[in-house]
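Engineer: I'm passing along entry-v7.cif; it holds mmCIF, C-alpha atoms.
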data_data
loop_
_atom_site.group_PDB
_atom_site.id
_atom_site.type_symbol
_atom_site.label_atom_id
_atom_site.label_comp_id
_atom_site.auth_asym_id
_atom_site.auth_seq_id
_atom_site.Cartn_x
_atom_site.Cartn_y
_atom_site.Cartn_z
ATOM 1 C CA MET A 85 -15.472 13.049 -7.925
ATOM 2 C CA PRO A 86 -16.932 13.403 -11.396
ATOM 3 C CA TYR A 87 -20.571 12.475 -11.689
ATOM 4 C CA LYS A 88 -19.613 9.380 -13.670
ATOM 5 C CA PRO A 89 -15.964 8.427 -13.174
ATOM 6 C CA MET A 90 -15.016 7.088 -16.588
ATOM 7 C CA LEU A 91 -11.760 5.441 -17.504
ATOM 8 C CA ARG A 92 -11.343 5.886 -21.230
ATOM 9 C CA ILE A 93 -8.730 3.888 -23.105
ATOM 10 C CA ALA A 94 -8.242 4.319 -26.845
ATOM 11 C CA THR A 95 -5.999 2.624 -29.388
ATOM 12 C CA PRO A 96 -5.710 3.004 -33.157
ATOM 13 C CA ILE A 97 -6.923 0.213 -35.428
ATOM 14 C CA PHE A 98 -4.993 -0.559 -38.608
ATOM 15 C CA THR A 99 -5.837 -2.522 -41.728
ATOM 16 C CA GLN A 100 -3.705 -5.437 -42.922
ATOM 17 C CA ASP A 101 -1.695 -3.044 -45.100
ATOM 18 C CA HIS A 102 -0.993 -0.841 -42.041
ATOM 19 C CA GLN A 103 -3.392 1.958 -42.960
ATOM 20 C CA LYS A 104 -5.205 3.604 -40.091
ATOM 21 C CA ALA A 105 -8.790 2.348 -40.114
ATOM 22 C CA GLY A 106 -10.090 3.995 -36.973
ATOM 23 C CA ILE A 107 -9.829 4.155 -33.222
ATOM 24 C CA PHE A 108 -11.105 1.645 -30.699
ATOM 25 C CA VAL A 109 -12.320 3.385 -27.548
ATOM 26 C CA LEU A 110 -13.107 1.510 -24.368
ATOM 27 C CA ASN A 111 -15.140 3.421 -21.805
ATOM 28 C CA TYR A 112 -15.168 1.830 -18.370
ATOM 29 C CA LEU A 113 -17.499 3.152 -15.714
ATOM 30 C CA ALA A 114 -15.125 2.993 -12.767
ATOM 31 C CA ASN A 115 -17.629 3.033 -9.886
ATOM 32 C CA ASP A 116 -17.225 -0.708 -9.239
ATOM 33 C CA LEU A 117 -13.434 -0.513 -9.312
ATOM 34 C CA PHE A 118 -13.417 2.461 -6.972
ATOM 35 C CA SER A 119 -15.878 0.821 -4.572
ATOM 36 C CA LEU A 120 -13.619 -2.223 -4.458
ATOM 37 C CA LEU A 121 -10.595 -0.045 -3.657
ATOM 38 C CA GLU A 122 -12.541 1.786 -0.962
ATOM 39 C CA SER A 123 -13.605 -1.407 0.798
ATOM 40 C CA SER A 124 -10.280 -3.223 0.426
ATOM 41 C CA SER A 125 -8.680 -1.949 3.626
ATOM 42 C CA THR A 126 -9.760 -0.644 6.992
ATOM 43 C CA VAL A 127 -6.253 0.299 8.141
ATOM 44 C CA ALA A 128 -4.486 1.562 5.034
ATOM 45 C CA ASP A 129 -5.358 4.454 2.777
ATOM 46 C CA VAL A 130 -5.646 2.928 -0.700
ATOM 47 C CA MET A 131 -4.919 5.304 -3.565
ATOM 48 C CA LEU A 132 -5.001 5.007 -7.335
ATOM 49 C CA LEU A 133 -2.787 7.590 -9.038
ATOM 50 C CA ASN A 134 -2.395 8.502 -12.680
ATOM 51 C CA SER A 135 0.991 8.970 -14.347
ATOM 52 C CA ASP A 136 1.113 12.642 -13.286
ATOM 53 C CA GLY A 137 0.464 11.884 -9.622
ATOM 54 C CA TYR A 138 -3.180 12.949 -9.568
ATOM 55 C CA TRP A 139 -5.564 10.851 -7.528
ATOM 56 C CA LEU A 140 -8.160 8.867 -9.397
ATOM 57 C CA LYS A 141 -9.168 7.402 -6.025
ATOM 58 C CA ASN A 142 -8.316 8.491 -2.491
ATOM 59 C CA THR A 143 -9.898 8.154 0.932
ATOM 60 C CA ASN A 144 -9.980 11.961 0.945
ATOM 61 C CA HIS A 145 -12.380 12.552 -1.942
ATOM 62 C CA ASN A 146 -11.433 16.262 -2.064
ATOM 63 C CA LEU A 147 -8.073 15.265 -3.567
ATOM 64 C CA GLU A 148 -9.522 13.169 -6.396
ATOM 65 C CA TRP A 149 -9.592 14.177 -10.068
ATOM 66 C CA GLY A 150 -7.306 17.189 -9.644
ATOM 67 C CA PHE A 151 -6.330 17.053 -13.297
ATOM 68 C CA GLN A 152 -9.971 17.734 -14.240
ATOM 69 C CA ILE A 153 -11.103 20.058 -11.462
ATOM 70 C CA PRO A 154 -9.272 23.419 -11.600
ATOM 71 C CA GLU A 155 -9.434 24.186 -7.858
ATOM 72 C CA ARG A 156 -7.764 20.823 -7.115
ATOM 73 C CA LYS A 157 -5.000 21.206 -9.710
ATOM 74 C CA GLU A 158 -2.352 21.973 -7.079
ATOM 75 C CA ASN A 159 -3.110 18.869 -5.020
ATOM 76 C CA ASN A 160 -1.249 15.875 -6.308
ATOM 77 C CA PHE A 161 0.865 13.117 -4.839
ATOM 78 C CA PHE A 162 4.131 14.814 -5.879
ATOM 79 C CA LYS A 163 3.256 17.984 -3.952
ATOM 80 C CA ILE A 164 1.842 16.326 -0.832
ATOM 81 C CA TYR A 165 4.339 13.432 -0.621
ATOM 82 C CA PRO A 166 7.400 14.675 -2.572
ATOM 83 C CA GLU A 167 10.042 12.355 -1.081
ATOM 84 C CA GLU A 168 7.839 9.281 -1.275
ATOM 85 C CA ALA A 169 6.632 10.115 -4.808
ATOM 86 C CA ALA A 170 10.213 10.343 -6.089
ATOM 87 C CA ILE A 171 10.843 6.752 -4.973
ATOM 88 C CA ILE A 172 7.431 5.347 -5.899
ATOM 89 C CA TYR A 173 7.480 6.757 -9.429
ATOM 90 C CA ALA A 174 11.068 5.574 -9.999
ATOM 91 C CA GLN A 175 10.221 1.915 -9.282
ATOM 92 C CA GLU A 176 7.701 -0.587 -10.641
ATOM 93 C CA GLN A 177 6.742 -1.929 -7.224
ATOM 94 C CA GLY A 178 7.994 -1.939 -3.690
ATOM 95 C CA GLN A 179 7.570 -0.765 -0.163
ATOM 96 C CA ILE A 180 9.061 2.219 1.629
ATOM 97 C CA GLU A 181 8.728 3.568 5.117
ATOM 98 C CA SER A 182 8.963 7.270 5.766
ATOM 99 C CA PRO A 183 8.056 9.497 8.712
ATOM 100 C CA ARG A 184 4.563 9.721 7.168
ATOM 101 C CA GLY A 185 3.936 5.979 7.098
ATOM 102 C CA LEU A 186 4.441 2.710 5.270
ATOM 103 C CA PHE A 187 3.840 2.889 1.522
ATOM 104 C CA THR A 188 3.322 -0.272 -0.524
ATOM 105 C CA PHE A 189 2.933 0.243 -4.249
ATOM 106 C CA VAL A 190 2.658 -1.423 -7.624
ATOM 107 C CA THR A 191 2.548 -0.053 -11.152
ATOM 108 C CA ILE A 192 -0.511 -0.904 -13.219
ATOM 109 C CA ASP A 193 -0.354 -0.800 -17.005
ATOM 110 C CA PRO A 194 -3.976 -1.148 -18.160
ATOM 111 C CA LEU A 195 -2.989 -1.346 -21.808
ATOM 112 C CA GLN A 196 0.080 -3.606 -21.738
ATOM 113 C CA THR A 197 0.559 -3.096 -25.447
ATOM 114 C CA LYS A 198 3.517 -2.539 -27.708
ATOM 115 C CA LEU A 199 2.990 1.161 -27.106
ATOM 116 C CA SER A 200 3.686 0.667 -23.409
ATOM 117 C CA ALA A 201 6.674 -1.555 -24.158
ATOM 118 C CA GLN A 202 8.164 1.254 -26.259
ATOM 119 C CA GLY A 203 8.358 3.479 -23.240
ATOM 120 C CA SER A 204 5.019 5.303 -23.034
ATOM 121 C CA THR A 205 4.160 5.843 -19.393
ATOM 122 C CA PHE A 206 1.083 8.003 -19.997
ATOM 123 C CA TYR A 207 -1.359 5.214 -19.193
ATOM 124 C CA ARG A 208 0.520 3.768 -16.259
ATOM 125 C CA TRP A 209 -1.063 4.084 -12.867
ATOM 126 C CA LYS A 210 0.211 3.555 -9.358
ATOM 127 C CA LEU A 211 -1.800 1.615 -6.824
ATOM 128 C CA VAL A 212 -0.532 2.776 -3.440
ATOM 129 C CA SER A 213 -1.467 1.580 0.013
ATOM 130 C CA MET A 214 -0.343 3.823 2.854
ATOM 131 C CA ILE A 215 -0.548 2.959 6.539
ATOM 132 C CA PRO A 216 -0.121 6.252 8.418
ATOM 133 C CA SER A 217 2.796 6.325 10.862
ATOM 134 C CA LEU A 218 0.476 6.860 13.841
ATOM 135 C CA ILE A 219 -1.429 3.636 13.099
ATOM 136 C CA LEU A 220 1.786 1.801 12.259
ATOM 137 C CA GLU A 221 3.421 2.822 15.534
ATOM 138 C CA GLY A 222 0.286 1.818 17.449
ATOM 139 C CA ARG A 223 0.421 -1.646 15.868
ATOM 140 C CA ARG A 224 4.127 -1.960 16.607
ATOM 141 C CA ALA A 225 3.595 -0.917 20.230
ATOM 142 C CA SER A 226 0.861 -3.531 20.551
ATOM 143 C CA ILE A 227 3.170 -6.241 19.190
ATOM 144 C CA ARG A 228 6.016 -5.096 21.482
ATOM 145 C CA ASN A 229 3.682 -5.251 24.479
ATOM 146 C CA ARG A 230 2.611 -8.791 23.577
ATOM 147 C CA PHE A 231 6.244 -9.874 23.326
ATOM 148 C CA LYS A 232 7.016 -8.242 26.683
ATOM 149 C CA ILE A 233 4.123 -10.114 28.296
ATOM 150 C CA MET A 234 5.224 -13.394 26.713
ATOM 151 C CA ALA A 235 8.833 -12.785 27.798
ATOM 152 C CA GLY A 236 7.644 -12.010 31.331
ATOM 153 C CA ILE A 237 5.635 -15.233 31.472
ATOM 154 C CA ILE A 238 8.634 -17.223 30.191
ATOM 155 C CA VAL A 239 10.925 -15.633 32.823
ATOM 156 C CA VAL A 240 8.431 -16.420 35.608
ATOM 157 C CA LEU A 241 8.021 -20.022 34.421
ATOM 158 C CA PHE A 242 11.788 -20.441 34.057
ATOM 159 C CA SER A 243 12.350 -18.992 37.556
ATOM 160 C CA LEU A 244 9.695 -21.275 39.013
ATOM 161 C CA GLY A 245 11.253 -24.293 37.280
ATOM 162 C CA ALA A 246 14.736 -23.330 38.476
ATOM 163 C CA THR A 247 13.467 -22.850 42.043
ATOM 164 C CA LEU A 248 11.735 -26.243 42.024
ATOM 165 C CA PHE A 249 14.865 -27.858 40.592
ATOM 166 C CA ILE A 250 17.092 -26.319 43.299
ATOM 167 C CA MET A 251 14.645 -27.302 46.044
ATOM 168 C CA GLU A 252 14.589 -30.899 44.792
ATOM 169 C CA TYR A 253 18.378 -30.909 44.488
ATOM 170 C CA GLU A 254 18.775 -29.656 48.082
ATOM 171 C CA ARG A 255 16.236 -32.210 49.355
ATOM 172 C CA ARG A 256 18.110 -35.095 47.683
ATOM 173 C CA LYS A 257 21.443 -33.770 48.875
ATOM 174 C CA LYS A 258 20.160 -33.588 52.452
ATOM 175 C CA PHE A 259 18.672 -37.096 52.118
ATOM 176 C CA LEU A 260 21.989 -38.527 50.889
ATOM 177 C CA LEU A 261 23.939 -36.882 53.706
ATOM 178 C CA THR A 262 21.745 -38.317 56.433
#
Let's see the structure in the file written out as C-alpha coordinates.

Structural biologist:
Amino acid sequence: MPYKPMLRIATPIFTQDHQKAGIFVLNYLANDLFSLLESSSTVADVMLLNSDGYWLKNTNHNLEWGFQIPERKENNFFKIYPEEAAIIYAQEQGQIESPRGLFTFVTIDPLQTKLSAQGSTFYRWKLVSMIPSLILEGRRASIRNRFKIMAGIIVVLFSLGATLFIMEYERRKKFLLT
(Lines of atoms letter the chains of each structure in order from A and count residues from 1; the text may use other names and numbers.)
(Lines give C-alpha, C1' and ligand atoms only; values in the text may rest on other atoms or scores of the structure.)
Protein backbone atom coordinates (compact mmCIF):
# COMPACT_ATOMS: atom_id res chain seq x y z
CA MET A 1 0.00 0.00 0.00
CA PRO A 2 1.32 3.47 -0.74
CA TYR A 3 2.78 5.28 2.22
CA LYS A 4 -0.18 7.66 2.21
CA PRO A 5 -3.15 6.25 0.31
CA MET A 6 -4.64 9.36 -1.27
CA LEU A 7 -7.87 9.56 -3.19
CA ARG A 8 -7.59 12.57 -5.44
CA ILE A 9 -10.67 13.95 -7.16
CA ALA A 10 -10.45 16.96 -9.47
CA THR A 11 -13.04 18.96 -11.39
CA PRO A 12 -12.74 22.07 -13.54
CA ILE A 13 -14.13 25.37 -12.28
CA PHE A 14 -15.77 27.76 -14.74
CA THR A 15 -16.68 31.42 -14.57
CA GLN A 16 -20.24 32.65 -15.15
CA ASP A 17 -19.44 33.14 -18.84
CA HIS A 18 -18.24 29.50 -19.07
CA GLN A 19 -14.52 30.27 -19.21
CA LYS A 20 -12.25 27.85 -17.43
CA ALA A 21 -11.10 29.50 -14.21
CA GLY A 22 -9.14 26.66 -12.66
CA ILE A 23 -9.34 23.20 -11.20
CA PHE A 24 -10.69 22.19 -7.81
CA VAL A 25 -8.72 19.28 -6.38
CA LEU A 26 -9.88 17.32 -3.37
CA ASN A 27 -7.25 15.17 -1.70
CA TYR A 28 -8.66 12.63 0.73
CA LEU A 29 -6.33 10.67 2.96
CA ALA A 30 -8.01 7.29 2.70
CA ASN A 31 -6.61 5.60 5.82
CA ASP A 32 -9.86 6.05 7.76
CA LEU A 33 -11.98 4.74 4.89
CA PHE A 34 -9.73 1.74 4.43
CA SER A 35 -9.66 0.98 8.16
CA LEU A 36 -13.46 1.04 8.16
CA LEU A 37 -13.57 -1.39 5.23
CA GLU A 38 -11.06 -3.67 6.93
CA SER A 39 -13.05 -3.87 10.16
CA SER A 40 -16.48 -4.12 8.53
CA SER A 41 -16.57 -7.91 8.20
CA THR A 42 -15.04 -10.92 9.87
CA VAL A 43 -16.44 -13.44 7.39
CA ALA A 44 -16.36 -11.70 4.03
CA ASP A 45 -13.42 -10.30 2.11
CA VAL A 46 -14.31 -6.65 1.50
CA MET A 47 -12.72 -5.10 -1.58
CA LEU A 48 -12.74 -1.65 -3.12
CA LEU A 49 -11.93 -1.71 -6.83
CA ASN A 50 -11.27 1.09 -9.27
CA SER A 51 -12.86 1.25 -12.73
CA ASP A 52 -10.05 -0.87 -14.22
CA GLY A 53 -10.43 -3.66 -11.66
CA TYR A 54 -7.40 -2.77 -9.56
CA TRP A 55 -7.73 -3.10 -5.82
CA LEU A 56 -7.67 0.07 -3.79
CA LYS A 57 -8.38 -2.11 -0.74
CA ASN A 58 -8.19 -5.87 -0.28
CA THR A 59 -7.66 -8.25 2.62
CA ASN A 60 -4.57 -9.41 0.72
CA HIS A 61 -2.53 -6.21 0.80
CA ASN A 62 -0.13 -7.59 -1.85
CA LEU A 63 -2.88 -7.11 -4.45
CA GLU A 64 -3.55 -3.45 -3.64
CA TRP A 65 -2.54 -0.49 -5.81
CA GLY A 66 -1.53 -2.60 -8.82
CA PHE A 67 -2.06 0.34 -11.14
CA GLN A 68 0.72 2.22 -9.31
CA ILE A 69 3.13 -0.57 -8.40
CA PRO A 70 4.71 -2.12 -11.52
CA GLU A 71 5.25 -5.62 -10.07
CA ARG A 72 1.53 -5.81 -9.19
CA LYS A 73 0.29 -4.59 -12.58
CA GLU A 74 -0.81 -8.07 -13.66
CA ASN A 75 -2.92 -8.66 -10.56
CA ASN A 76 -6.37 -7.24 -10.95
CA PHE A 77 -9.91 -8.41 -10.37
CA PHE A 78 -10.47 -9.15 -14.08
CA LYS A 79 -7.50 -11.54 -14.19
CA ILE A 80 -8.12 -13.29 -10.87
CA TYR A 81 -11.94 -13.44 -11.08
CA PRO A 82 -12.70 -13.17 -14.83
CA GLU A 83 -16.20 -14.68 -14.84
CA GLU A 84 -17.32 -12.79 -11.76
CA ALA A 85 -15.77 -9.50 -12.96
CA ALA A 86 -17.68 -9.68 -16.25
CA ILE A 87 -20.98 -9.77 -14.33
CA ILE A 88 -20.01 -7.33 -11.58
CA TYR A 89 -18.75 -4.66 -13.98
CA ALA A 90 -21.82 -5.03 -16.22
CA GLN A 91 -24.27 -4.23 -13.38
CA GLU A 92 -24.69 -1.38 -10.91
CA GLN A 93 -25.34 -3.65 -7.94
CA GLY A 94 -26.26 -7.21 -7.20
CA GLN A 95 -25.23 -10.55 -5.86
CA ILE A 96 -23.82 -13.58 -7.65
CA GLU A 97 -22.70 -16.97 -6.49
CA SER A 98 -19.92 -18.78 -8.27
CA PRO A 99 -17.73 -21.77 -7.40
CA ARG A 100 -15.38 -19.26 -5.72
CA GLY A 101 -17.99 -17.82 -3.36
CA LEU A 102 -20.82 -15.36 -2.89
CA PHE A 103 -20.14 -11.89 -4.28
CA THR A 104 -22.26 -8.91 -3.23
CA PHE A 105 -21.45 -5.64 -4.94
CA VAL A 106 -22.46 -2.04 -5.45
CA THR A 107 -21.14 0.69 -7.71
CA ILE A 108 -19.89 3.85 -6.02
CA ASP A 109 -19.73 7.11 -7.95
CA PRO A 110 -17.77 9.49 -5.69
CA LEU A 111 -18.36 12.44 -7.99
CA GLN A 112 -22.01 12.02 -9.00
CA THR A 113 -21.72 14.98 -11.33
CA LYS A 114 -22.96 15.78 -14.80
CA LEU A 115 -19.71 14.28 -16.05
CA SER A 116 -20.69 10.92 -14.58
CA ALA A 117 -24.23 11.24 -15.93
CA GLN A 118 -22.79 11.71 -19.43
CA GLY A 119 -21.27 8.28 -19.32
CA SER A 120 -17.81 8.68 -17.76
CA THR A 121 -17.03 5.59 -15.73
CA PHE A 122 -13.43 6.52 -14.91
CA TYR A 123 -14.22 7.52 -11.34
CA ARG A 124 -16.64 4.72 -10.59
CA TRP A 125 -15.59 2.17 -8.04
CA LYS A 126 -16.94 -1.21 -7.06
CA LEU A 127 -17.39 -2.15 -3.43
CA VAL A 128 -17.38 -5.95 -3.38
CA SER A 129 -17.93 -8.31 -0.49
CA MET A 130 -16.95 -11.91 -1.14
CA ILE A 131 -17.68 -14.83 1.16
CA PRO A 132 -15.39 -17.66 0.03
CA SER A 133 -17.20 -20.86 -0.98
CA LEU A 134 -15.51 -22.86 1.80
CA ILE A 135 -16.91 -20.54 4.49
CA LEU A 136 -20.27 -20.34 2.73
CA GLU A 137 -20.58 -24.12 2.55
CA GLY A 138 -19.58 -24.42 6.21
CA ARG A 139 -22.36 -21.99 7.17
CA ARG A 140 -24.87 -23.83 5.00
CA ALA A 141 -23.88 -27.17 6.53
CA SER A 142 -24.34 -25.70 9.99
CA ILE A 143 -27.83 -24.45 9.10
CA ARG A 144 -28.73 -27.82 7.52
CA ASN A 145 -27.58 -29.61 10.67
CA ARG A 146 -29.72 -27.34 12.85
CA PHE A 147 -32.76 -28.04 10.68
CA LYS A 148 -32.08 -31.79 10.84
CA ILE A 149 -31.90 -31.63 14.63
CA MET A 150 -35.11 -29.59 14.80
CA ALA A 151 -36.84 -31.99 12.39
CA GLY A 152 -35.67 -34.95 14.48
CA ILE A 153 -37.04 -33.37 17.66
CA ILE A 154 -40.37 -32.66 15.93
CA VAL A 155 -40.60 -36.28 14.68
CA VAL A 156 -39.86 -37.63 18.18
CA LEU A 157 -42.43 -35.32 19.78
CA PHE A 158 -45.01 -36.17 17.12
CA SER A 159 -44.35 -39.91 17.58
CA LEU A 160 -44.64 -39.57 21.35
CA GLY A 161 -47.91 -37.64 20.98
CA ALA A 162 -49.29 -40.20 18.53
CA THR A 163 -48.31 -43.07 20.85
CA LEU A 164 -49.97 -41.40 23.84
CA PHE A 165 -53.08 -40.71 21.76
CA ILE A 166 -53.31 -44.36 20.61
CA MET A 167 -52.75 -45.63 24.16
CA GLU A 168 -55.53 -43.38 25.47
CA TYR A 169 -57.80 -44.42 22.61
CA GLU A 170 -57.20 -48.13 23.34
CA ARG A 171 -57.77 -47.59 27.08
CA ARG A 172 -61.12 -45.86 26.44
CA LYS A 173 -62.12 -48.48 23.91
CA LYS A 174 -61.37 -51.26 26.40
CA PHE A 175 -63.26 -49.35 29.13
CA LEU A 176 -66.34 -48.97 26.91
CA LEU A 177 -66.32 -52.65 25.96
CA THR A 178 -66.27 -53.86 29.54

Engineer: For the atom pair atom CA of A:Thr99 and atom CA of A:Arg208, what is the interatomic distance in Å to one decimal place?

Structural biologist: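 The value is 27.0 Å.
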
Engineer: Distance table requested - stretch 128-227 of chain A against stretch 105-115 of chain A, cut-off 12 Å, all atoms listed in the file: one row per qualifying residue with the closest atom pair and its distance in Å to one decimal, ordered by chain and rising residue number, as a tab-separated table.

Structural biologist:
residue	atom	partner	partner_atom	distance
A:Leu132	CA	A:Ala114	CA	11.7
A:Leu140	CA	A:Ala114	CA	9.7
A:Lys141	CA	A:Ala114	CA	10.0
A:Pro194	CA	A:Leu110	CA	11.4
A:Leu195	CA	A:Leu110	CA	10.8

Engineer: Using the chain letters and numbers from this file, what does the PyMOL selection byres ((chain A and resi 190) around 6) select? Give the answer as JSON, numbers by chain.

Structural biologist: {"A": [176, 177, 189, 191, 210, 211]}

Engineer: At a cut-off of 12 Å, can you tabulate as CSV every residue of stretch 114-173 of chain A near stretch 217-236 of chain A together with its closest atom pair and the distance in Å to one decimal, using all atoms listed in the file and ordering rows by chain then number?

Structural biologist:
residue,atom,partner,partner_atom,distance
A:Thr126,CA,A:Ile219,CA,11.2
A:Val127,CA,A:Ile219,CA,7.7
A:Ala128,CA,A:Ile219,CA,8.9
A:Asp129,CA,A:Ile219,CA,11.1

Engineer: Using all atoms listed in the file, which residue out of A:Gln100, A:Asn144, A:Ser213, A:Thr262 lies closest to A:Glu181?

Structural biologist: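 Nearest candidate to A:Glu181 out of A:Gln100, A:Asn144, A:Ser213, A:Thr262: A:Ser213.
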
Engineer: Quick one: everything within 9 Å of A:Trp149, counting all atoms listed in the file, minus sequence neighbours fewer than 4 positions away in the same chain. Send it as an MDAnalysis selection string.

Structural biologist: chainID A and resid 85:86 138:141 145 153 156:157
